[in-house]
file work.cif (mmCIF, C-alpha atoms and all ligand atoms)
data_input
#
loop_
_atom_site.label_atom_id
_atom_site.label_comp_id
_atom_site.auth_asym_id
_atom_site.auth_seq_id
_atom_site.Cartn_x
_atom_site.Cartn_y
_atom_site.Cartn_z
CA MET A 201 -118.30 -18.08 -143.89
CA ASN A 202 -120.78 -20.77 -144.66
CA ILE A 203 -119.75 -23.84 -142.67
CA VAL A 204 -121.09 -27.39 -142.54
CA GLU A 205 -119.25 -28.64 -139.47
CA ILE A 206 -116.46 -27.84 -137.04
CA PHE A 207 -114.90 -30.71 -135.13
CA GLU A 208 -111.72 -31.91 -133.53
CA SER A 209 -110.16 -35.16 -134.67
CA ILE A 210 -106.90 -36.83 -135.62
CA GLN A 211 -105.72 -35.81 -139.06
CA GLY A 212 -106.18 -38.95 -141.14
CA GLU A 213 -104.59 -37.95 -144.42
CA GLY A 214 -101.97 -35.76 -146.02
CA PRO A 215 -98.71 -34.32 -144.72
CA ASP A 216 -99.90 -33.87 -141.12
CA THR A 217 -101.40 -37.31 -140.59
CA GLY A 218 -101.68 -38.26 -136.93
CA LYS A 219 -101.83 -34.73 -135.49
CA ARG A 220 -104.71 -33.52 -133.36
CA THR A 221 -106.43 -31.13 -135.72
CA LEU A 222 -109.38 -28.79 -135.73
CA PHE A 223 -111.40 -29.26 -138.90
CA ILE A 224 -113.48 -26.47 -140.38
CA ARG A 225 -115.58 -27.90 -143.19
CA THR A 226 -116.97 -25.27 -145.52
CA ALA A 227 -120.29 -25.64 -147.30
CA ARG A 228 -120.84 -26.12 -151.03
CA CYS A 229 -118.70 -27.64 -153.74
CA ASN A 230 -118.30 -26.84 -157.42
CA LEU A 231 -117.61 -30.51 -158.24
CA ARG A 232 -119.61 -33.73 -157.87
CA CYS A 233 -117.05 -36.53 -157.53
CA ILE A 234 -118.68 -39.94 -157.98
CA TRP A 235 -117.09 -41.36 -154.83
CA CYS A 236 -117.42 -38.18 -152.71
CA ASP A 237 -117.57 -39.16 -149.03
CA THR A 238 -118.78 -35.74 -147.83
CA LYS A 239 -121.87 -35.22 -150.00
CA TYR A 240 -123.54 -33.57 -147.02
CA SER A 241 -121.17 -30.64 -147.60
CA TRP A 242 -122.73 -29.85 -150.99
CA ASN A 243 -125.57 -27.93 -149.39
CA ASN A 244 -125.64 -24.69 -147.43
CA GLY A 245 -124.48 -24.81 -143.84
CA VAL A 246 -124.47 -22.23 -141.06
CA THR A 247 -122.99 -18.77 -141.56
CA TYR A 248 -120.26 -17.67 -139.13
CA HIS A 249 -118.51 -14.32 -138.98
CA VAL A 250 -114.74 -14.80 -139.29
CA ASP A 251 -114.28 -13.34 -135.78
CA GLU A 252 -116.54 -16.09 -134.42
CA LEU A 253 -114.41 -18.70 -136.15
CA VAL A 254 -111.27 -17.29 -134.58
CA LYS A 255 -112.92 -17.51 -131.15
CA ILE A 256 -113.84 -21.15 -131.81
CA ILE A 257 -110.26 -21.91 -132.87
CA GLU A 258 -109.04 -20.34 -129.62
CA LYS A 259 -111.57 -22.31 -127.57
CA TYR A 260 -110.29 -25.60 -129.02
CA LYS A 261 -106.64 -24.57 -128.35
CA ALA A 262 -105.93 -25.77 -131.86
CA SER A 263 -102.43 -25.39 -133.21
CA ASP A 264 -103.13 -27.35 -136.40
CA ILE A 265 -106.17 -26.47 -138.45
CA SER A 266 -107.59 -28.01 -141.58
CA ILE A 267 -109.93 -25.95 -143.70
CA THR A 268 -111.68 -28.44 -145.88
CA GLY A 269 -114.96 -28.89 -147.69
CA GLY A 270 -116.90 -28.94 -149.78
CA GLU A 271 -114.61 -26.53 -151.54
CA PRO A 272 -113.18 -23.79 -149.29
CA LEU A 273 -111.90 -21.64 -152.16
CA LEU A 274 -115.48 -20.92 -153.26
CA GLN A 275 -115.62 -18.48 -150.32
CA LYS A 276 -112.58 -16.49 -151.32
CA SER A 277 -113.18 -13.12 -149.67
CA GLU A 278 -114.21 -14.57 -146.30
CA LEU A 279 -111.47 -17.18 -146.40
CA VAL A 280 -108.82 -14.54 -147.06
CA LYS A 281 -110.15 -12.51 -144.10
CA LEU A 282 -109.95 -15.58 -141.86
CA LEU A 283 -106.43 -16.43 -142.99
CA LYS A 284 -105.26 -12.87 -142.29
CA LEU A 285 -106.52 -13.18 -138.72
CA ILE A 286 -105.07 -16.67 -138.25
CA ASP A 287 -101.69 -15.59 -139.58
CA LYS A 288 -101.33 -13.23 -136.59
CA LYS A 289 -102.06 -15.92 -133.98
CA LYS A 290 -98.80 -17.23 -132.58
CA ASP A 291 -100.37 -20.39 -131.08
CA ILE A 292 -101.45 -21.64 -134.49
CA LYS A 293 -98.70 -23.55 -136.27
CA THR A 294 -100.20 -24.69 -139.55
CA VAL A 295 -103.34 -24.28 -141.58
CA LEU A 296 -103.93 -26.89 -144.24
CA ILE A 297 -106.28 -25.81 -146.99
CA GLU A 298 -107.74 -28.77 -148.82
CA THR A 299 -108.87 -27.85 -152.30
CA ASN A 300 -110.18 -29.82 -155.24
CA GLY A 301 -107.77 -28.28 -157.75
CA ALA A 302 -110.44 -26.63 -159.89
CA ILE A 303 -109.97 -23.07 -158.54
CA ASP A 304 -106.95 -20.76 -158.72
CA ILE A 305 -104.80 -21.20 -155.57
CA ARG A 306 -102.71 -18.01 -156.02
CA PRO A 307 -104.57 -15.76 -153.52
CA TYR A 308 -103.63 -18.13 -150.67
CA LEU A 309 -99.91 -18.51 -151.25
CA VAL A 310 -99.04 -15.24 -149.48
CA PHE A 311 -99.92 -16.50 -146.00
CA ARG A 312 -97.04 -17.84 -143.92
CA LYS A 313 -98.82 -20.67 -142.14
CA ILE A 314 -100.74 -22.05 -145.07
CA LYS A 315 -100.05 -25.36 -146.66
CA ILE A 316 -102.11 -26.28 -149.70
CA SER A 317 -103.27 -29.83 -150.22
CA MET A 318 -104.54 -29.89 -153.78
CA ASP A 319 -106.30 -32.71 -155.57
CA VAL A 320 -105.75 -33.57 -159.19
CA LYS A 321 -108.95 -35.39 -160.06
CA CYS A 322 -108.49 -38.81 -161.64
CA PRO A 323 -110.97 -40.45 -164.09
CA SER A 324 -112.93 -42.44 -161.47
CA SER A 325 -114.08 -39.13 -159.94
CA GLY A 326 -115.79 -38.17 -163.21
CA MET A 327 -114.32 -34.67 -162.76
CA THR A 328 -111.01 -34.59 -164.69
CA GLU A 329 -112.31 -31.93 -167.09
CA PHE A 330 -112.31 -29.45 -164.18
CA ASN A 331 -108.63 -29.88 -163.22
CA LEU A 332 -106.89 -26.53 -163.39
CA TYR A 333 -103.48 -27.81 -164.44
CA ASP A 334 -101.80 -24.39 -164.13
CA ASN A 335 -102.23 -24.76 -160.35
CA ILE A 336 -99.70 -27.61 -160.38
CA ASN A 337 -96.93 -25.17 -161.38
CA LEU A 338 -97.76 -22.99 -158.35
CA ILE A 339 -97.37 -25.76 -155.80
CA ARG A 340 -94.50 -24.98 -153.40
CA LYS A 341 -92.21 -27.25 -151.42
CA GLN A 342 -94.48 -27.18 -148.35
CA ASP A 343 -97.62 -28.01 -150.35
CA VAL A 344 -99.01 -31.33 -151.44
CA VAL A 345 -100.59 -32.67 -154.60
CA LYS A 346 -102.98 -35.54 -154.01
CA PHE A 347 -104.28 -38.12 -156.47
CA VAL A 348 -107.18 -40.21 -155.18
CA ILE A 349 -106.77 -43.58 -156.88
CA LYS A 350 -109.48 -46.16 -157.36
CA ASP A 351 -108.08 -48.47 -160.05
CA GLY A 352 -105.48 -48.96 -162.79
CA VAL A 353 -107.01 -46.27 -164.99
CA ASP A 354 -106.58 -43.70 -162.22
CA TYR A 355 -103.08 -44.94 -161.47
CA ASN A 356 -101.97 -44.59 -165.11
CA PHE A 357 -103.57 -41.13 -165.34
CA ALA A 358 -101.64 -39.96 -162.25
CA LYS A 359 -98.41 -41.53 -163.47
CA LYS A 360 -98.70 -39.75 -166.83
CA ILE A 361 -99.07 -36.39 -165.07
CA LEU A 362 -95.98 -37.12 -162.97
CA ASP A 363 -94.05 -38.11 -166.11
CA GLU A 364 -94.99 -34.85 -167.82
CA ARG A 365 -94.59 -32.35 -164.97
CA MET A 366 -92.16 -31.27 -162.33
CA ILE A 367 -94.03 -30.95 -159.02
CA LYS A 368 -92.19 -29.09 -156.25
CA GLY A 369 -94.28 -30.34 -153.32
CA GLU A 370 -94.87 -33.84 -152.09
CA VAL A 371 -97.11 -36.11 -154.17
CA ILE A 372 -99.56 -38.36 -152.38
CA PHE A 373 -101.36 -41.34 -153.87
CA GLN A 374 -104.40 -41.95 -151.70
CA PRO A 375 -106.55 -44.99 -152.46
CA VAL A 376 -110.32 -44.71 -152.50
CA TYR A 377 -111.60 -46.55 -149.42
CA GLY A 378 -111.89 -50.22 -150.43
CA ALA A 379 -109.47 -50.04 -153.42
CA ASP A 380 -106.90 -52.79 -154.04
CA LEU A 381 -104.04 -51.44 -151.90
CA ARG A 382 -101.55 -54.15 -152.75
CA THR A 383 -101.77 -53.63 -156.51
CA ILE A 384 -101.32 -49.87 -156.20
CA ALA A 385 -98.38 -50.31 -153.79
CA GLU A 386 -96.68 -52.87 -156.03
CA ASN A 387 -97.12 -50.67 -159.09
CA ILE A 388 -95.53 -47.72 -157.27
CA ILE A 389 -92.51 -49.90 -156.45
CA LYS A 390 -92.32 -51.39 -159.96
CA ASP A 391 -92.57 -47.97 -161.63
CA LYS A 392 -90.16 -46.38 -159.13
CA LEU A 393 -92.49 -43.47 -158.43
CA ASN A 394 -91.37 -40.91 -155.88
CA VAL A 395 -94.73 -40.56 -154.21
CA ARG A 396 -96.08 -41.16 -150.74
CA PHE A 397 -98.77 -43.86 -150.62
CA MET A 398 -101.21 -43.18 -147.78
CA VAL A 399 -104.51 -44.64 -146.73
CA GLN A 400 -107.05 -42.45 -144.92
CA MET A 401 -106.25 -43.35 -141.33
CA HIS A 402 -109.49 -41.92 -139.90
CA LYS A 403 -111.51 -44.42 -141.99
CA TYR A 404 -109.72 -47.24 -140.17
CA ILE A 405 -110.52 -45.70 -136.79
CA TRP A 406 -114.04 -44.36 -137.33
CA GLY A 407 -115.23 -45.85 -140.66
CA ASP A 408 -117.64 -43.54 -142.48
CA GLU A 409 -118.88 -41.88 -139.29
CA LYS A 410 -119.51 -38.18 -139.82
CA GLY A 411 -117.39 -35.72 -137.85
CA HIS A 412 -113.98 -37.37 -138.26
S1 LIG B 1 -114.28 -32.03 -154.57
FE1 LIG B 1 -114.37 -33.01 -152.57
S2 LIG B 1 -116.29 -32.30 -151.63
FE2 LIG B 1 -116.38 -31.79 -153.81
S3 LIG B 1 -117.48 -33.50 -154.71
FE3 LIG B 1 -115.28 -33.95 -154.90
S4 LIG B 1 -114.76 -35.16 -153.08
FE4 LIG B 1 -116.77 -34.17 -152.71
#
call {"tool": "encode", "arguments": {"input": "work.cif", "output": "structure tokens", "more": "lines below"}}
Ligand code: SF4
result
Amino acid sequence: MNIVEIFESIQGEGPDTGKRTLFIRTARCNLRCIWCDTKYSWNNGVTYHVDELVKIIEKYKASDISITGGEPLLQKSELVKLLKLIDKKKDIKTVLIETNGAIDIRPYLVFRKIKISMDVKCPSSGMTEFNLYDNINLIRKQDVVKFVIKDGVDYNFAKKILDERMIKGEVIFQPVYGADLRTIAENIIKDKLNVRFMVQMHKYIWGDEKGH
């Protein structure tokens, strides 16, 4: 697989926030979100054989793994091979696959340990036209749908999707770093939305430092 970085950190977002996690950040992305905070992942990285990745996972004694990007689902055949190997490892509890929501998630739903964290891109990203809305219907109870919210336009966009669709997994509203947290929080309460509002904890610990 083509990988930009592998590092250990504390999970700063999503359903497993706070857990020590091994991050495998894949190279390349099919989107270009305006506020992307990992632009360095758009380029090619270093190629690893999946067996090498499994050895690295073992070396870190990682029980929680996040495969993020870039966009991991661009490397479908290698990713499936890696997930097959990981699925057999009894020391690994969960593998979170973070995807941008623009690629079919079906090939990954067969693996026991996989949780999907899928974005639905809001207007401030400049990428809403790439949302694959059929993916939302595939989201299971253990998966997560994430809206990254910058302002009122994004908030109303996300709210409209929630009004129109039944989402089985948890819904997370995650503010863009520096967004007006209080307004978003108060709107969630006023509108009685059943979502989880979460800031990116790692940004409060390490700021924009790479590798966290
Ligand atoms: S999908 Fe993720 S990695 Fe790709 S451009 Fe958007 S924020 Fe960046």
call {"tool": "residues_near_ligand", "arguments": {"input": "work.cif", "ligand": "ligand LIG 1 (chain B)", "cutoff": "9 Å", "atoms": "only C-alpha atoms and all ligand atoms", "output": "list in words"}}
result
Ala227, Arg228, Cys229, Asn230, Leu231, Arg232, Cys233, Ile234, Trp235, Cys236, Asp237, Thr238, Lys239, Tyr240, Ser241, Trp242, Thr268, Gly269, Gly270, Glu271, Glu298, Thr299, Asn300, Gly301, Ala302, Asp319, Lys321, Ser325 and Met327 of chain A
call {"tool": "residues_around", "arguments": {"input": "work.cif", "residues": "region 342-351 of chain A", "least_positions_apart": "3", "cutoff": "7 Å", "atoms": "only C-alpha atoms", "output": "ChimeraX atom specification"}}
result
/A:315-322,324,339,354-355,358,369-376,379
call {"tool": "residues_around", "arguments": {"input": "work.cif", "residues": "Asp251 (chain A)", "least_positions_apart": "2", "cutoff": "12 Å", "atoms": "all atoms listed in the file", "output": "PDB file with C-alpha atoms, in the frame of the given file"}}
result
ATOM      1  CA  MET A 201    -118.300 -18.080-143.890  1.00  0.00           C
ATOM      2  CA  THR A 247    -122.990 -18.770-141.560  1.00  0.00           C
ATOM      3  CA  TYR A 248    -120.260 -17.670-139.130  1.00  0.00           C
ATOM      4  CA  HIS A 249    -118.510 -14.320-138.980  1.00  0.00           C
ATOM      5  CA  LEU A 253    -114.410 -18.700-136.150  1.00  0.00           C
ATOM      6  CA  VAL A 254    -111.270 -17.290-134.580  1.00  0.00           C
ATOM      7  CA  LYS A 255    -112.920 -17.510-131.150  1.00  0.00           C
ATOM      8  CA  ILE A 256    -113.840 -21.150-131.810  1.00  0.00           C
ATOM      9  CA  ILE A 257    -110.260 -21.910-132.870  1.00  0.00           C
ATOM     10  CA  GLU A 258    -109.040 -20.340-129.620  1.00  0.00           C
ATOM     11  CA  GLU A 278    -114.210 -14.570-146.300  1.00  0.00           C
ATOM     12  CA  LEU A 279    -111.470 -17.180-146.400  1.00  0.00           C
ATOM     13  CA  LYS A 281    -110.150 -12.510-144.100  1.00  0.00           C
ATOM     14  CA  LEU A 282    -109.950 -15.580-141.860  1.00  0.00           C
ATOM     15  CA  LEU A 283    -106.430 -16.430-142.990  1.00  0.00           C
ATOM     16  CA  LYS A 284    -105.260 -12.870-142.290  1.00  0.00           C
ATOM     17  CA  LEU A 285    -106.520 -13.180-138.720  1.00  0.00           C
ATOM     18  CA  ILE A 286    -105.070 -16.670-138.250  1.00  0.00           C
TER      19      ILE A 286
END
call {"tool": "atom_distance", "arguments": {"input": "work.cif", "atom1": "CA of Ile267 (chain A)", "atom2": "CA of Lys288 (chain A)"}}
result
16.9 Å
call {"tool": "atom_distance", "arguments": {"input": "work.cif", "atom1": "CA of Asp391 (chain A)", "atom2": "CA of Asn335 (chain A)"}}
result
25.2 Å
call {"tool": "closest_residue", "arguments": {"input": "work.cif", "among": "A:Asp363, A:Lys390, A:Arg225, A:Tyr377", "to": "Lys403 (chain A)", "atoms": "only C-alpha atoms"}}
result
A:Tyr377
call {"tool": "closest_residue", "arguments": {"input": "work.cif", "among": "A:Asn202, A:Thr221, A:Gln275, A:Ser209", "to": "Asn243 (chain A)", "atoms": "only C-alpha atoms"}}
result
A:Asn202
call {"tool": "atom_distance", "arguments": {"input": "work.cif", "atom1": "CA of Arg220 (chain A)", "atom2": "CA of His402 (chain A)"}}
result
11.7 Å
call {"tool": "residues_around", "arguments": {"input": "work.cif", "residues": "Ala385 (chain A)", "least_positions_apart": "3", "cutoff": "10 Å", "atoms": "all atoms listed in the file", "output": "mmCIF file with C-alpha atoms, in the coordinates of the input"}}
result
data_model
loop_
_atom_site.group_PDB
_atom_site.id
_atom_site.type_symbol
_atom_site.label_atom_id
_atom_site.label_comp_id
_atom_site.auth_asym_id
_atom_site.auth_seq_id
_atom_site.Cartn_x
_atom_site.Cartn_y
_atom_site.Cartn_z
ATOM 1 C CA PHE A 373 -101.360 -41.340 -153.870
ATOM 2 C CA PRO A 375 -106.550 -44.990 -152.460
ATOM 3 C CA ASP A 380 -106.900 -52.790 -154.040
ATOM 4 C CA LEU A 381 -104.040 -51.440 -151.900
ATOM 5 C CA ARG A 382 -101.550 -54.150 -152.750
ATOM 6 C CA ILE A 388 -95.530 -47.720 -157.270
ATOM 7 C CA ILE A 389 -92.510 -49.900 -156.450
ATOM 8 C CA LYS A 390 -92.320 -51.390 -159.960
ATOM 9 C CA ARG A 396 -96.080 -41.160 -150.740
ATOM 10 C CA PHE A 397 -98.770 -43.860 -150.620
ATOM 11 C CA MET A 398 -101.210 -43.180 -147.780
#
call {"tool": "residues_around", "arguments": {"input": "work.cif", "residues": "Ile303 (chain A)", "least_positions_apart": "6", "cutoff": "8 Å", "atoms": "only C-alpha atoms", "output": "ChimeraX atom specification"}}
result
/A:273-274,332
call {"tool": "write_last_selection", "arguments": {"input": "work.cif", "atoms": "C-alpha atoms", "output": "mmCIF file, in the coordinates of the input"}}
result
data_model
loop_
_atom_site.group_PDB
_atom_site.id
_atom_site.type_symbol
_atom_site.label_atom_id
_atom_site.label_comp_id
_atom_site.auth_asym_id
_atom_site.auth_seq_id
_atom_site.Cartn_x
_atom_site.Cartn_y
_atom_site.Cartn_z
ATOM 1 C CA LEU A 273 -111.900 -21.640 -152.160
ATOM 2 C CA LEU A 274 -115.480 -20.920 -153.260
ATOM 3 C CA LEU A 332 -106.890 -26.530 -163.390
#
call {"tool": "axis_aligned_box", "arguments": {"input": "work.cif", "around": "region 242-250 of chain A", "padding_each_side": "6 Å", "output": "AutoDock Vina command-line options"}}
result
--center_x -120.2 --center_y -22.1 --center_z -145.0 --size_x 22.9 --size_y 27.5 --size_z 24.0
call {"tool": "decode", "arguments": {"input": "work.cif", "residues": "region 370-405 of chain A", "atoms": "N, CA and C atoms", "output": "short mmCIF file (atom, residue, chain, number, x, y, z; two decimals), in the first residue's frame"}}
result
data_model
loop_
_atom_site.label_atom_id
_atom_site.label_comp_id
_atom_site.auth_asym_id
_atom_site.auth_seq_id
_atom_site.Cartn_x
_atom_site.Cartn_y
_atom_site.Cartn_z
N GLU A 370 -24.08 6.22 14.49
CA GLU A 370 -24.03 7.50 15.18
C GLU A 370 -23.69 8.64 14.21
N VAL A 371 -24.25 9.81 14.47
CA VAL A 371 -23.94 10.99 13.64
C VAL A 371 -23.11 11.95 14.46
N ILE A 372 -21.99 12.36 13.89
CA ILE A 372 -21.10 13.29 14.58
C ILE A 372 -21.07 14.62 13.83
N PHE A 373 -21.25 15.70 14.56
CA PHE A 373 -21.00 17.04 14.03
C PHE A 373 -19.64 17.47 14.57
N GLN A 374 -18.70 17.65 13.67
CA GLN A 374 -17.34 18.02 14.09
C GLN A 374 -17.00 19.41 13.53
N PRO A 375 -16.78 20.39 14.39
CA PRO A 375 -16.49 21.72 13.86
C PRO A 375 -15.12 21.80 13.22
N VAL A 376 -15.02 22.58 12.16
CA VAL A 376 -13.70 22.91 11.61
C VAL A 376 -12.94 23.63 12.71
N TYR A 377 -11.64 23.37 12.81
CA TYR A 377 -10.83 24.01 13.87
C TYR A 377 -10.99 25.53 13.75
N GLY A 378 -11.41 26.18 14.83
CA GLY A 378 -11.58 27.64 14.81
C GLY A 378 -13.01 28.08 14.55
N ALA A 379 -13.94 27.14 14.30
CA ALA A 379 -15.35 27.52 14.06
C ALA A 379 -16.00 27.98 15.36
N ASP A 380 -17.16 28.62 15.24
CA ASP A 380 -17.88 29.15 16.41
C ASP A 380 -18.62 27.99 17.11
N LEU A 381 -17.95 27.42 18.12
CA LEU A 381 -18.47 26.21 18.78
C LEU A 381 -19.80 26.46 19.46
N ARG A 382 -19.89 27.61 20.11
CA ARG A 382 -21.08 27.90 20.91
C ARG A 382 -22.34 27.96 20.03
N THR A 383 -22.22 28.62 18.89
CA THR A 383 -23.39 28.73 18.01
C THR A 383 -23.83 27.34 17.52
N ILE A 384 -22.86 26.53 17.12
CA ILE A 384 -23.23 25.18 16.64
C ILE A 384 -23.89 24.39 17.78
N ALA A 385 -23.29 24.45 18.96
CA ALA A 385 -23.83 23.70 20.11
C ALA A 385 -25.25 24.17 20.43
N GLU A 386 -25.45 25.48 20.44
CA GLU A 386 -26.78 26.00 20.79
C GLU A 386 -27.82 25.64 19.73
N ASN A 387 -27.40 25.63 18.47
CA ASN A 387 -28.33 25.22 17.41
C ASN A 387 -28.73 23.75 17.54
N ILE A 388 -27.77 22.91 17.91
CA ILE A 388 -28.07 21.47 18.09
C ILE A 388 -29.14 21.31 19.19
N ILE A 389 -28.96 22.06 20.27
CA ILE A 389 -29.93 21.97 21.38
C ILE A 389 -31.29 22.52 20.93
N LYS A 390 -31.27 23.69 20.29
CA LYS A 390 -32.52 24.32 19.85
C LYS A 390 -33.29 23.40 18.87
N ASP A 391 -32.54 22.79 17.96
CA ASP A 391 -33.19 21.97 16.92
C ASP A 391 -33.42 20.53 17.36
N LYS A 392 -33.01 20.21 18.59
CA LYS A 392 -33.19 18.88 19.16
C LYS A 392 -32.61 17.77 18.26
N LEU A 393 -31.41 18.00 17.80
CA LEU A 393 -30.77 17.01 16.92
C LEU A 393 -30.14 15.90 17.76
N ASN A 394 -30.33 14.66 17.33
CA ASN A 394 -29.70 13.54 18.03
C ASN A 394 -28.35 13.23 17.40
N VAL A 395 -27.42 14.14 17.64
CA VAL A 395 -26.07 13.97 17.10
C VAL A 395 -25.08 14.12 18.25
N ARG A 396 -23.86 13.68 17.99
CA ARG A 396 -22.80 13.90 18.98
C ARG A 396 -21.91 15.04 18.46
N PHE A 397 -21.74 16.07 19.27
CA PHE A 397 -20.94 17.22 18.88
C PHE A 397 -19.55 17.05 19.48
N MET A 398 -18.53 16.95 18.62
CA MET A 398 -17.18 16.64 19.11
C MET A 398 -16.13 17.50 18.44
N VAL A 399 -15.29 18.12 19.25
CA VAL A 399 -14.14 18.82 18.69
C VAL A 399 -13.02 17.81 18.47
N GLN A 400 -12.03 18.19 17.67
CA GLN A 400 -10.89 17.30 17.43
C GLN A 400 -9.91 17.47 18.60
N MET A 401 -9.93 16.50 19.50
CA MET A 401 -9.16 16.64 20.73
C MET A 401 -7.65 16.80 20.46
N HIS A 402 -7.14 16.09 19.45
CA HIS A 402 -5.69 16.16 19.19
C HIS A 402 -5.24 17.57 18.84
N LYS A 403 -6.15 18.38 18.25
CA LYS A 403 -5.78 19.76 17.89
C LYS A 403 -5.56 20.59 19.16
N TYR A 404 -6.26 20.23 20.22
CA TYR A 404 -6.11 20.96 21.48
C TYR A 404 -4.86 20.51 22.24
N ILE A 405 -4.38 19.32 21.92
CA ILE A 405 -3.14 18.84 22.56
C ILE A 405 -1.92 19.26 21.75
#
